[in-house]
file model.cif (mmCIF, C-alpha atoms)
data_data
#
loop_
_atom_site.label_atom_id
_atom_site.label_comp_id
_atom_site.auth_asym_id
_atom_site.auth_seq_id
_atom_site.Cartn_x
_atom_site.Cartn_y
_atom_site.Cartn_z
CA SER A 1 0.00 0.00 0.00
CA ALA A 2 1.01 3.59 -0.36
CA ALA A 3 3.38 4.89 2.27
CA THR A 4 3.01 8.07 4.25
CA ALA A 5 4.62 11.05 2.59
CA ALA A 6 7.05 13.22 4.54
CA GLN A 7 6.35 16.82 5.45
CA PRO A 8 8.09 19.53 3.42
CA ALA A 9 11.23 21.12 4.78
CA ALA A 10 9.60 24.52 5.20
CA ALA A 11 5.93 24.93 6.00
CA PRO A 12 3.96 27.97 4.91
CA THR A 13 2.93 30.30 7.66
CA ALA A 14 -0.75 30.09 8.53
CA VAL A 15 -2.58 33.23 9.47
CA SER A 16 -4.11 31.68 12.60
CA ALA A 17 -4.47 28.43 14.44
CA ALA A 18 -7.99 28.02 13.07
CA ALA A 19 -9.03 27.18 9.55
CA PRO A 20 -8.09 30.20 7.40
CA THR A 21 -10.99 32.34 6.28
CA PRO A 22 -11.29 34.70 3.32
CA ALA A 23 -11.03 37.63 5.73
CA SER A 24 -7.46 36.59 6.49
CA LEU A 25 -6.32 37.27 2.96
CA PRO A 26 -4.72 40.49 1.71
CA SER A 27 -6.66 43.06 -0.28
CA SER A 28 -8.48 41.60 -3.28
CA GLU A 29 -7.64 44.47 -5.54
CA ALA A 30 -3.89 44.08 -5.27
CA SER A 31 -2.73 42.71 -8.61
CA ALA A 32 -0.05 40.06 -8.52
CA THR A 33 3.39 41.33 -9.47
CA SER A 34 3.83 38.16 -11.47
CA PRO A 35 0.49 36.43 -12.19
CA PRO A 36 0.22 32.72 -11.39
CA ALA A 37 1.49 30.41 -14.10
CA ALA A 38 -1.53 29.14 -16.02
CA SER A 39 -0.66 28.30 -19.58
CA ALA A 40 0.19 24.60 -19.70
CA ASP A 41 -1.46 22.79 -16.82
CA PRO A 42 -2.85 19.40 -17.95
CA THR A 43 -5.11 19.24 -14.89
CA ALA A 44 -6.95 22.47 -15.71
CA LEU A 45 -10.72 22.42 -16.17
CA GLY A 46 -12.23 24.37 -19.03
CA PRO A 47 -11.04 25.31 -22.53
CA ALA A 48 -7.43 26.40 -22.95
CA ASP A 49 -8.56 29.44 -24.91
CA ALA A 50 -11.11 30.59 -22.32
CA PRO A 51 -10.98 34.38 -21.86
CA VAL A 52 -10.96 34.00 -18.07
CA THR A 53 -8.55 31.84 -16.09
CA ILE A 54 -8.98 31.30 -12.37
CA VAL A 55 -5.99 29.99 -10.43
CA GLU A 56 -7.04 28.43 -7.15
CA PHE A 57 -4.45 27.89 -4.40
CA SER A 58 -6.00 25.32 -2.11
CA ASP A 59 -5.53 22.96 0.83
CA PHE A 60 -7.42 19.65 0.98
CA GLN A 61 -7.91 19.93 4.75
CA CYS A 62 -9.28 23.50 4.66
CA PRO A 63 -13.10 23.67 5.00
CA HIS A 64 -13.30 26.96 3.08
CA CYS A 65 -11.27 25.39 0.27
CA LYS A 66 -13.88 22.65 -0.05
CA LYS A 67 -16.62 25.26 -0.36
CA ALA A 68 -14.61 27.26 -2.90
CA HIS A 69 -13.86 24.16 -4.95
CA ASP A 70 -17.54 23.23 -5.02
CA ILE A 71 -18.44 26.71 -6.29
CA LEU A 72 -15.73 26.68 -8.96
CA GLU A 73 -16.85 23.23 -10.07
CA SER A 74 -20.58 23.85 -10.21
CA GLU A 75 -21.86 27.41 -10.20
CA LEU A 76 -19.23 29.13 -12.34
CA PRO A 77 -19.23 26.69 -15.29
CA ALA A 78 -23.04 26.85 -15.38
CA ALA A 79 -23.04 30.64 -15.33
CA PHE A 80 -20.20 31.08 -17.84
CA PRO A 81 -20.15 28.00 -20.11
CA GLY A 82 -16.94 27.76 -22.10
CA LYS A 83 -15.69 31.08 -20.77
CA VAL A 84 -13.74 30.07 -17.66
CA ARG A 85 -10.72 27.86 -17.11
CA VAL A 86 -9.89 26.77 -13.55
CA ILE A 87 -6.41 25.70 -12.49
CA PHE A 88 -5.92 23.99 -9.13
CA LYS A 89 -2.66 24.57 -7.27
CA ASN A 90 -1.59 23.11 -3.96
CA TYR A 91 -0.88 25.24 -0.91
CA PRO A 92 -1.14 22.90 2.10
CA LEU A 93 -0.91 24.71 5.44
CA THR A 94 1.26 22.05 7.01
CA ASN A 95 1.58 23.68 10.42
CA ILE A 96 -2.16 23.39 11.13
CA HIS A 97 -3.33 20.68 8.71
CA PRO A 98 -1.43 17.43 9.40
CA TRP A 99 -2.46 15.44 6.31
CA ALA A 100 -2.84 18.20 3.73
CA PHE A 101 0.67 17.87 2.27
CA GLU A 102 0.38 14.13 1.82
CA ALA A 103 -2.98 14.56 0.09
CA ALA A 104 -1.43 17.14 -2.20
CA VAL A 105 1.38 14.73 -3.10
CA ALA A 106 -1.20 12.05 -3.87
CA ALA A 107 -3.31 14.33 -6.07
CA ALA A 108 -0.18 15.54 -7.86
CA CYS A 109 0.81 11.91 -8.52
CA ALA A 110 -2.58 11.45 -10.14
CA GLY A 111 -2.01 14.60 -12.18
CA MET A 112 1.22 13.15 -13.53
CA LYS A 113 -0.84 10.33 -14.99
CA SER A 114 -4.05 12.07 -16.06
CA GLY A 115 -5.74 15.42 -15.65
CA GLU A 116 -9.08 13.67 -15.20
CA ALA A 117 -7.61 11.47 -12.48
CA ALA A 118 -6.22 14.49 -10.67
CA HIS A 119 -9.62 16.13 -10.75
CA ALA A 120 -11.26 12.96 -9.43
CA MET A 121 -8.73 12.82 -6.57
CA GLU A 122 -9.45 16.43 -5.65
CA VAL A 123 -13.16 15.69 -5.51
CA SER A 124 -12.59 12.58 -3.36
CA PHE A 125 -10.34 14.29 -0.84
CA PHE A 126 -12.75 17.17 -0.41
CA ALA A 127 -15.76 14.85 -0.22
CA GLU A 128 -14.24 12.90 2.67
CA GLN A 129 -12.42 15.81 4.25
CA ALA A 130 -14.29 15.69 7.57
CA SER A 131 -13.56 12.02 8.23
CA LEU A 132 -9.98 11.66 7.01
CA GLN A 133 -7.12 11.13 9.46
CA LYS A 134 -3.38 11.42 8.87
CA ALA A 135 -2.81 7.73 9.59
CA ASP A 136 -5.28 6.78 6.85
CA ILE A 137 -4.06 9.01 4.04
CA GLY A 138 -1.90 6.43 2.30
CA LYS A 139 -4.71 3.88 2.27
CA LYS A 140 -7.36 6.41 1.25
CA ALA A 141 -5.14 7.92 -1.44
CA LEU A 142 -4.73 4.50 -3.04
CA GLU A 143 -8.48 3.92 -2.79
CA PHE A 144 -9.18 7.27 -4.45
CA ALA A 145 -6.58 6.59 -7.15
CA GLN A 146 -8.13 3.27 -8.05
CA LYS A 147 -11.58 4.87 -8.06
CA ALA A 148 -10.14 7.42 -10.52
CA GLY A 149 -9.03 4.61 -12.80
CA LEU A 150 -5.32 4.69 -12.05
CA ASP A 151 -3.13 1.60 -11.87
CA ALA A 152 -2.57 0.77 -8.21
CA ALA A 153 1.07 -0.26 -8.53
CA SER A 154 2.02 2.77 -10.62
CA PHE A 155 0.27 5.18 -8.29
CA SER A 156 1.75 3.57 -5.17
CA ALA A 157 5.24 3.80 -6.63
CA CYS A 158 4.77 7.52 -7.29
CA PHE A 159 3.33 8.17 -3.84
CA ASP A 160 5.86 6.00 -1.96
CA ARG A 161 8.78 7.73 -3.70
CA GLN A 162 7.13 11.14 -3.46
CA GLU A 163 7.81 11.66 -7.15
CA SER A 164 5.29 14.49 -7.26
CA LYS A 165 6.67 16.30 -4.21
CA PRO A 166 8.61 18.83 -6.35
CA LEU A 167 5.36 19.78 -8.09
CA VAL A 168 3.64 20.47 -4.78
CA GLU A 169 6.61 22.43 -3.49
CA ALA A 170 6.70 24.45 -6.72
CA ASP A 171 3.05 25.43 -6.17
CA MET A 172 3.85 26.39 -2.59
CA ALA A 173 6.84 28.46 -3.63
CA GLU A 174 4.77 30.23 -6.29
CA ALA A 175 2.07 30.99 -3.72
CA ALA A 176 4.64 32.45 -1.35
CA THR A 177 6.03 34.63 -4.13
CA LEU A 178 2.51 35.93 -4.77
CA GLY A 179 1.99 36.80 -1.12
CA VAL A 180 -0.46 34.00 -0.37
CA ASN A 181 -0.61 33.18 3.34
CA GLY A 182 -4.06 31.63 3.67
CA THR A 183 -6.43 29.45 1.72
CA PRO A 184 -8.36 29.48 -0.47
CA ALA A 185 -6.63 32.12 -2.55
CA LEU A 186 -8.08 32.92 -5.98
CA PHE A 187 -6.55 34.84 -8.87
CA VAL A 188 -8.77 35.80 -11.80
CA ASN A 189 -6.66 36.61 -14.87
CA GLY A 190 -3.82 37.37 -12.47
CA ARG A 191 -5.83 39.57 -10.10
CA ARG A 192 -6.08 38.48 -6.48
CA ILE A 193 -9.67 38.65 -5.29
CA GLN A 194 -11.15 38.72 -1.82
CA GLY A 195 -13.32 35.78 -0.86
CA TYR A 196 -14.54 32.87 -2.94
CA GLN A 197 -18.32 33.07 -2.81
CA PHE A 198 -20.13 33.18 -6.13
CA GLU A 199 -21.25 36.77 -5.54
CA ALA A 200 -17.61 37.79 -4.99
CA VAL A 201 -16.20 36.01 -8.03
CA ARG A 202 -18.96 36.62 -10.57
CA PRO A 203 -18.56 40.42 -10.97
CA VAL A 204 -14.82 40.04 -11.51
CA ILE A 205 -15.41 37.46 -14.22
CA GLU A 206 -18.02 39.68 -15.86
CA GLU A 207 -15.54 42.56 -15.83
CA MET A 208 -12.85 40.39 -17.42
CA LEU A 209 -15.24 39.16 -20.10
CA ALA A 210 -16.31 42.71 -20.89
CA ASP A 211 -12.67 43.73 -21.20
CA ALA A 212 -11.97 40.80 -23.51
CA ALA A 213 -15.00 41.62 -25.66
CA GLY A 214 -13.88 45.22 -26.00
CA LYS A 215 -10.45 44.35 -27.33
#
call {"tool": "encode", "arguments": {"input": "model.cif", "output": "structure tokens"}}
result
Amino acid sequence: SAATAAQPAAAPTAVSAAAPTPASLPSSEASATSPPAASADPTALGPADAPVTIVEFSDFQCPHCKKAHDILESELPAAFPGKVRVIFKNYPLTNIHPWAFEAAVAAACAGMKSGEAAHAMEVSFFAEQASLQKADIGKKALEFAQKAGLDAASFSACFDRQESKPLVEADMAEAATLGVNGTPALFVNGRRIQGYQFEAVRPVIEEMLADAAGK
């Protein structure tokens, strides 16, 4: 079975000892100095030529991240069909969420095999977020991988060797460069926005679409 992944050498700083909330994030109107990388992610949802790209820095153990992910998966595609591309990036808050990093490594292993499998793993981790324990992550990760259609031996080898760890750490480093210190953190066409609720994200998307239409 899959082994437990090690914690990263340097953990991101959480904003509090409780689950981070949108209020803990910096101002939504501050544009990123260097927008999140978004061009060639095989795990992205939505058309590559969509006029709006949302980059979502997330943590599988964060309750607000689960809510944000559900909104990005359901409400936004229905409201803006074919207009929005969503890219999931890992930012596990390892100092307050004991199994988040290992889950990120597992999902990234899936992403190395298939974008659809990575998406399925994300959905599974969030769906069982409330009941998961650190001691069970290896077993549950393998279960989720098989449910996503991945070969058990291949996935276990990736997870046991932490072959995807550099991908997770690259996401974390990018988040730190962008000033992210809480989750979820959303960037819409490179602009950091406050909150994740549909009513917070929708007007920004509408603005971006209007700008694109005017060009």
call {"tool": "residues_near_point", "arguments": {"input": "model.cif", "point": "(-22.6, 31.6, -17.8)", "cutoff": "12 Å", "atoms": "all atoms listed in the file", "output": "count of residues only"}}
result
17
call {"tool": "closest_residue", "arguments": {"input": "model.cif", "among": "A:His97, A:Lys134, A:Arg191, A:Lys215", "to": "Val55 of chain A", "atoms": "all atoms listed in the file"}}
result
A:Arg191
call {"tool": "closest_atom_pairs", "arguments": {"input": "model.cif", "of": "segment 169-211 of chain A", "to": "segment 85-95 of chain A", "cutoff": "8 Å", "atoms": "only C-alpha atoms", "output": "Markdown table"}}
result
| residue | atom | partner | partner_atom | distance |
| --- | --- | --- | --- | --- |
| A:Asp171 | CA | A:Asn90 | CA | 5.6 |
| A:Met172 | CA | A:Tyr91 | CA | 5.1 |
| A:Ala175 | CA | A:Tyr91 | CA | 7.0 |
| A:Gly182 | CA | A:Leu93 | CA | 7.8 |
| A:Thr183 | CA | A:Tyr91 | CA | 7.4 |
call {"tool": "residues_around", "arguments": {"input": "model.cif", "residues": "Ala108 of chain A", "least_positions_apart": "4", "cutoff": "12 Å", "atoms": "only C-alpha atoms", "output": "PDB file with C-alpha atoms, in the coordinates of the input"}}
result
ATOM      1  CA  ASP A  41      -1.460  22.790 -16.820  1.00  0.00           C
ATOM      2  CA  PRO A  42      -2.850  19.400 -17.950  1.00  0.00           C
ATOM      3  CA  THR A  43      -5.110  19.240 -14.890  1.00  0.00           C
ATOM      4  CA  PHE A  88      -5.920  23.990  -9.130  1.00  0.00           C
ATOM      5  CA  LYS A  89      -2.660  24.570  -7.270  1.00  0.00           C
ATOM      6  CA  ASN A  90      -1.590  23.110  -3.960  1.00  0.00           C
ATOM      7  CA  TYR A  91      -0.880  25.240  -0.910  1.00  0.00           C
ATOM      8  CA  PHE A 101       0.670  17.870   2.270  1.00  0.00           C
ATOM      9  CA  GLU A 102       0.380  14.130   1.820  1.00  0.00           C
ATOM     10  CA  ALA A 103      -2.980  14.560   0.090  1.00  0.00           C
ATOM     11  CA  ALA A 104      -1.430  17.140  -2.200  1.00  0.00           C
ATOM     12  CA  MET A 112       1.220  13.150 -13.530  1.00  0.00           C
ATOM     13  CA  LYS A 113      -0.840  10.330 -14.990  1.00  0.00           C
ATOM     14  CA  SER A 114      -4.050  12.070 -16.060  1.00  0.00           C
ATOM     15  CA  GLY A 115      -5.740  15.420 -15.650  1.00  0.00           C
ATOM     16  CA  GLU A 116      -9.080  13.670 -15.200  1.00  0.00           C
ATOM     17  CA  ALA A 117      -7.610  11.470 -12.480  1.00  0.00           C
ATOM     18  CA  ALA A 118      -6.220  14.490 -10.670  1.00  0.00           C
ATOM     19  CA  HIS A 119      -9.620  16.130 -10.750  1.00  0.00           C
ATOM     20  CA  ALA A 120     -11.260  12.960  -9.430  1.00  0.00           C
ATOM     21  CA  MET A 121      -8.730  12.820  -6.570  1.00  0.00           C
ATOM     22  CA  GLU A 122      -9.450  16.430  -5.650  1.00  0.00           C
ATOM     23  CA  ALA A 141      -5.140   7.920  -1.440  1.00  0.00           C
ATOM     24  CA  ALA A 145      -6.580   6.590  -7.150  1.00  0.00           C
ATOM     25  CA  PHE A 155       0.270   5.180  -8.290  1.00  0.00           C
ATOM     26  CA  CYS A 158       4.770   7.520  -7.290  1.00  0.00           C
ATOM     27  CA  PHE A 159       3.330   8.170  -3.840  1.00  0.00           C
ATOM     28  CA  GLN A 162       7.130  11.140  -3.460  1.00  0.00           C
ATOM     29  CA  GLU A 163       7.810  11.660  -7.150  1.00  0.00           C
ATOM     30  CA  SER A 164       5.290  14.490  -7.260  1.00  0.00           C
ATOM     31  CA  LYS A 165       6.670  16.300  -4.210  1.00  0.00           C
ATOM     32  CA  PRO A 166       8.610  18.830  -6.350  1.00  0.00           C
ATOM     33  CA  LEU A 167       5.360  19.780  -8.090  1.00  0.00           C
ATOM     34  CA  VAL A 168       3.640  20.470  -4.780  1.00  0.00           C
ATOM     35  CA  GLU A 169       6.610  22.430  -3.490  1.00  0.00           C
ATOM     36  CA  ALA A 170       6.700  24.450  -6.720  1.00  0.00           C
ATOM     37  CA  ASP A 171       3.050  25.430  -6.170  1.00  0.00           C
TER      38      ASP A 171
END
call {"tool": "closest_residue", "arguments": {"input": "model.cif", "among": "A:Ala107, A:Met208, A:Ala130, A:Ala135", "to": "Ala148 of chain A", "atoms": "all atoms listed in the file"}}
result
A:Ala107
call {"tool": "residues_around", "arguments": {"input": "model.cif", "residues": "Val201 of chain A", "least_positions_apart": "3", "cutoff": "10 Å", "atoms": "only C-alpha atoms", "output": "list in words"}}
result
Ile54, Ile71, Leu72, Leu76, Leu186, Phe187, Val188, Ile193, Gln194, Gly195, Tyr196, Gln197, Phe198, Val204, Ile205 and Glu206 of chain A
call {"tool": "atom_distance", "arguments": {"input": "model.cif", "atom1": "atom CA of Trp99 of chain A", "atom2": "atom CA of Asp136 of chain A"}}
result
9.1 Å
call {"tool": "atom_distance", "arguments": {"input": "model.cif", "atom1": "atom CA of Gly214 of chain A", "atom2": "atom CA of Ala200 of chain A"}}
result
22.6 Å
call {"tool": "atom_distance", "arguments": {"input": "model.cif", "atom1": "atom CA of Gln133 of chain A", "atom2": "atom CA of Ala44 of chain A"}}
result
27.6 Å
call {"tool": "resolve_selection", "arguments": {"input": "model.cif", "expression": "the PyMOL selection byres ((chain A and resi 64) around 10)", "output": "PyMOL selection string"}}
result
chain A and resi 19-22+58-63+65-70+183-184+195-197
call {"tool": "write_last_selection", "arguments": {"input": "model.cif", "atoms": "C-alpha atoms", "output": "compact mmCIF listing (two decimals), keeping the file's coordinate frame"}}
result
# COMPACT_ATOMS: atom_id res chain seq x y z
CA ALA A 19 -9.03 27.18 9.55
CA PRO A 20 -8.09 30.20 7.40
CA THR A 21 -10.99 32.34 6.28
CA PRO A 22 -11.29 34.70 3.32
CA SER A 58 -6.00 25.32 -2.11
CA ASP A 59 -5.53 22.96 0.83
CA PHE A 60 -7.42 19.65 0.98
CA GLN A 61 -7.91 19.93 4.75
CA CYS A 62 -9.28 23.50 4.66
CA PRO A 63 -13.10 23.67 5.00
CA CYS A 65 -11.27 25.39 0.27
CA LYS A 66 -13.88 22.65 -0.05
CA LYS A 67 -16.62 25.26 -0.36
CA ALA A 68 -14.61 27.26 -2.90
CA HIS A 69 -13.86 24.16 -4.95
CA ASP A 70 -17.54 23.23 -5.02
CA THR A 183 -6.43 29.45 1.72
CA PRO A 184 -8.36 29.48 -0.47
CA GLY A 195 -13.32 35.78 -0.86
CA TYR A 196 -14.54 32.87 -2.94
CA GLN A 197 -18.32 33.07 -2.81
call {"tool": "axis_aligned_box", "arguments": {"input": "model.cif", "around": "segment 157-175 of chain A", "padding_each_side": "8 Å", "output": "AutoDock Vina command-line options"}}
result
--center_x 5.4 --center_y 17.4 --center_z -5.0 --size_x 22.7 --size_y 43.2 --size_z 22.1
call {"tool": "decode", "arguments": {"input": "model.cif", "residues": "segment 97-120 of chain A", "atoms": "N, CA and C atoms", "output": "PDB file, in the first residue's frame"}}
result
ATOM      1  N   HIS A  97      -2.584  21.752   9.370  1.00  0.00           N
ATOM      2  CA  HIS A  97      -3.326  20.678   8.706  1.00  0.00           C
ATOM      3  C   HIS A  97      -2.398  19.481   8.500  1.00  0.00           C
ATOM      4  N   PRO A  98      -2.440  18.498   9.387  1.00  0.00           N
ATOM      5  CA  PRO A  98      -1.429  17.430   9.402  1.00  0.00           C
ATOM      6  C   PRO A  98      -1.395  16.508   8.192  1.00  0.00           C
ATOM      7  N   TRP A  99      -2.513  16.360   7.459  1.00  0.00           N
ATOM      8  CA  TRP A  99      -2.461  15.444   6.311  1.00  0.00           C
ATOM      9  C   TRP A  99      -2.573  16.153   4.963  1.00  0.00           C
ATOM     10  N   ALA A 100      -2.617  17.460   4.971  1.00  0.00           N
ATOM     11  CA  ALA A 100      -2.836  18.205   3.726  1.00  0.00           C
ATOM     12  C   ALA A 100      -1.699  18.022   2.719  1.00  0.00           C
ATOM     13  N   PHE A 101      -0.460  18.010   3.200  1.00  0.00           N
ATOM     14  CA  PHE A 101       0.666  17.874   2.273  1.00  0.00           C
ATOM     15  C   PHE A 101       0.660  16.509   1.603  1.00  0.00           C
ATOM     16  N   GLU A 102       0.404  15.476   2.386  1.00  0.00           N
ATOM     17  CA  GLU A 102       0.376  14.127   1.823  1.00  0.00           C
ATOM     18  C   GLU A 102      -0.742  13.976   0.788  1.00  0.00           C
ATOM     19  N   ALA A 103      -1.879  14.597   1.062  1.00  0.00           N
ATOM     20  CA  ALA A 103      -2.980  14.564   0.091  1.00  0.00           C
ATOM     21  C   ALA A 103      -2.585  15.295  -1.182  1.00  0.00           C
ATOM     22  N   ALA A 104      -1.874  16.401  -1.027  1.00  0.00           N
ATOM     23  CA  ALA A 104      -1.427  17.144  -2.200  1.00  0.00           C
ATOM     24  C   ALA A 104      -0.465  16.315  -3.041  1.00  0.00           C
ATOM     25  N   VAL A 105       0.446  15.608  -2.378  1.00  0.00           N
ATOM     26  CA  VAL A 105       1.379  14.731  -3.100  1.00  0.00           C
ATOM     27  C   VAL A 105       0.608  13.655  -3.859  1.00  0.00           C
ATOM     28  N   ALA A 106      -0.399  13.094  -3.221  1.00  0.00           N
ATOM     29  CA  ALA A 106      -1.204  12.052  -3.867  1.00  0.00           C
ATOM     30  C   ALA A 106      -1.938  12.587  -5.086  1.00  0.00           C
ATOM     31  N   ALA A 107      -2.581  13.749  -4.938  1.00  0.00           N
ATOM     32  CA  ALA A 107      -3.309  14.333  -6.069  1.00  0.00           C
ATOM     33  C   ALA A 107      -2.359  14.705  -7.194  1.00  0.00           C
ATOM     34  N   ALA A 108      -1.165  15.182  -6.831  1.00  0.00           N
ATOM     35  CA  ALA A 108      -0.183  15.536  -7.863  1.00  0.00           C
ATOM     36  C   ALA A 108       0.330  14.291  -8.580  1.00  0.00           C
ATOM     37  N   CYS A 109       0.449  13.180  -7.863  1.00  0.00           N
ATOM     38  CA  CYS A 109       0.810  11.914  -8.522  1.00  0.00           C
ATOM     39  C   CYS A 109      -0.247  11.554  -9.563  1.00  0.00           C
ATOM     40  N   ALA A 110      -1.505  11.717  -9.185  1.00  0.00           N
ATOM     41  CA  ALA A 110      -2.584  11.446 -10.137  1.00  0.00           C
ATOM     42  C   ALA A 110      -2.478  12.361 -11.339  1.00  0.00           C
ATOM     43  N   GLY A 111      -2.146  13.632 -11.090  1.00  0.00           N
ATOM     44  CA  GLY A 111      -2.013  14.598 -12.180  1.00  0.00           C
ATOM     45  C   GLY A 111      -0.898  14.266 -13.134  1.00  0.00           C
ATOM     46  N   MET A 112       0.132  13.580 -12.650  1.00  0.00           N
ATOM     47  CA  MET A 112       1.225  13.152 -13.529  1.00  0.00           C
ATOM     48  C   MET A 112       0.770  12.073 -14.496  1.00  0.00           C
ATOM     49  N   LYS A 113      -0.319  11.393 -14.140  1.00  0.00           N
ATOM     50  CA  LYS A 113      -0.844  10.326 -14.991  1.00  0.00           C
ATOM     51  C   LYS A 113      -1.974  10.820 -15.893  1.00  0.00           C
ATOM     52  N   SER A 114      -2.845  11.660 -15.326  1.00  0.00           N
ATOM     53  CA  SER A 114      -4.046  12.070 -16.056  1.00  0.00           C
ATOM     54  C   SER A 114      -4.676  13.280 -15.387  1.00  0.00           C
ATOM     55  N   GLY A 115      -5.047  14.262 -16.186  1.00  0.00           N
ATOM     56  CA  GLY A 115      -5.742  15.422 -15.646  1.00  0.00           C
ATOM     57  C   GLY A 115      -7.083  15.037 -15.055  1.00  0.00           C
ATOM     58  N   GLU A 116      -7.787  14.125 -15.708  1.00  0.00           N
ATOM     59  CA  GLU A 116      -9.085  13.671 -15.197  1.00  0.00           C
ATOM     60  C   GLU A 116      -8.926  12.949 -13.867  1.00  0.00           C
ATOM     61  N   ALA A 117      -7.857  12.176 -13.733  1.00  0.00           N
ATOM     62  CA  ALA A 117      -7.612  11.467 -12.482  1.00  0.00           C
ATOM     63  C   ALA A 117      -7.299  12.452 -11.362  1.00  0.00           C
ATOM     64  N   ALA A 118      -6.536  13.482 -11.676  1.00  0.00           N
ATOM     65  CA  ALA A 118      -6.221  14.495 -10.668  1.00  0.00           C
ATOM     66  C   ALA A 118      -7.492  15.170 -10.182  1.00  0.00           C
ATOM     67  N   HIS A 119      -8.359  15.505 -11.111  1.00  0.00           N
ATOM     68  CA  HIS A 119      -9.625  16.129 -10.746  1.00  0.00           C
ATOM     69  C   HIS A 119     -10.459  15.199  -9.871  1.00  0.00           C
ATOM     70  N   ALA A 120     -10.501  13.935 -10.216  1.00  0.00           N
ATOM     71  CA  ALA A 120     -11.255  12.963  -9.427  1.00  0.00           C
ATOM     72  C   ALA A 120     -10.688  12.838  -8.013  1.00  0.00           C
TER      73      ALA A 120
END
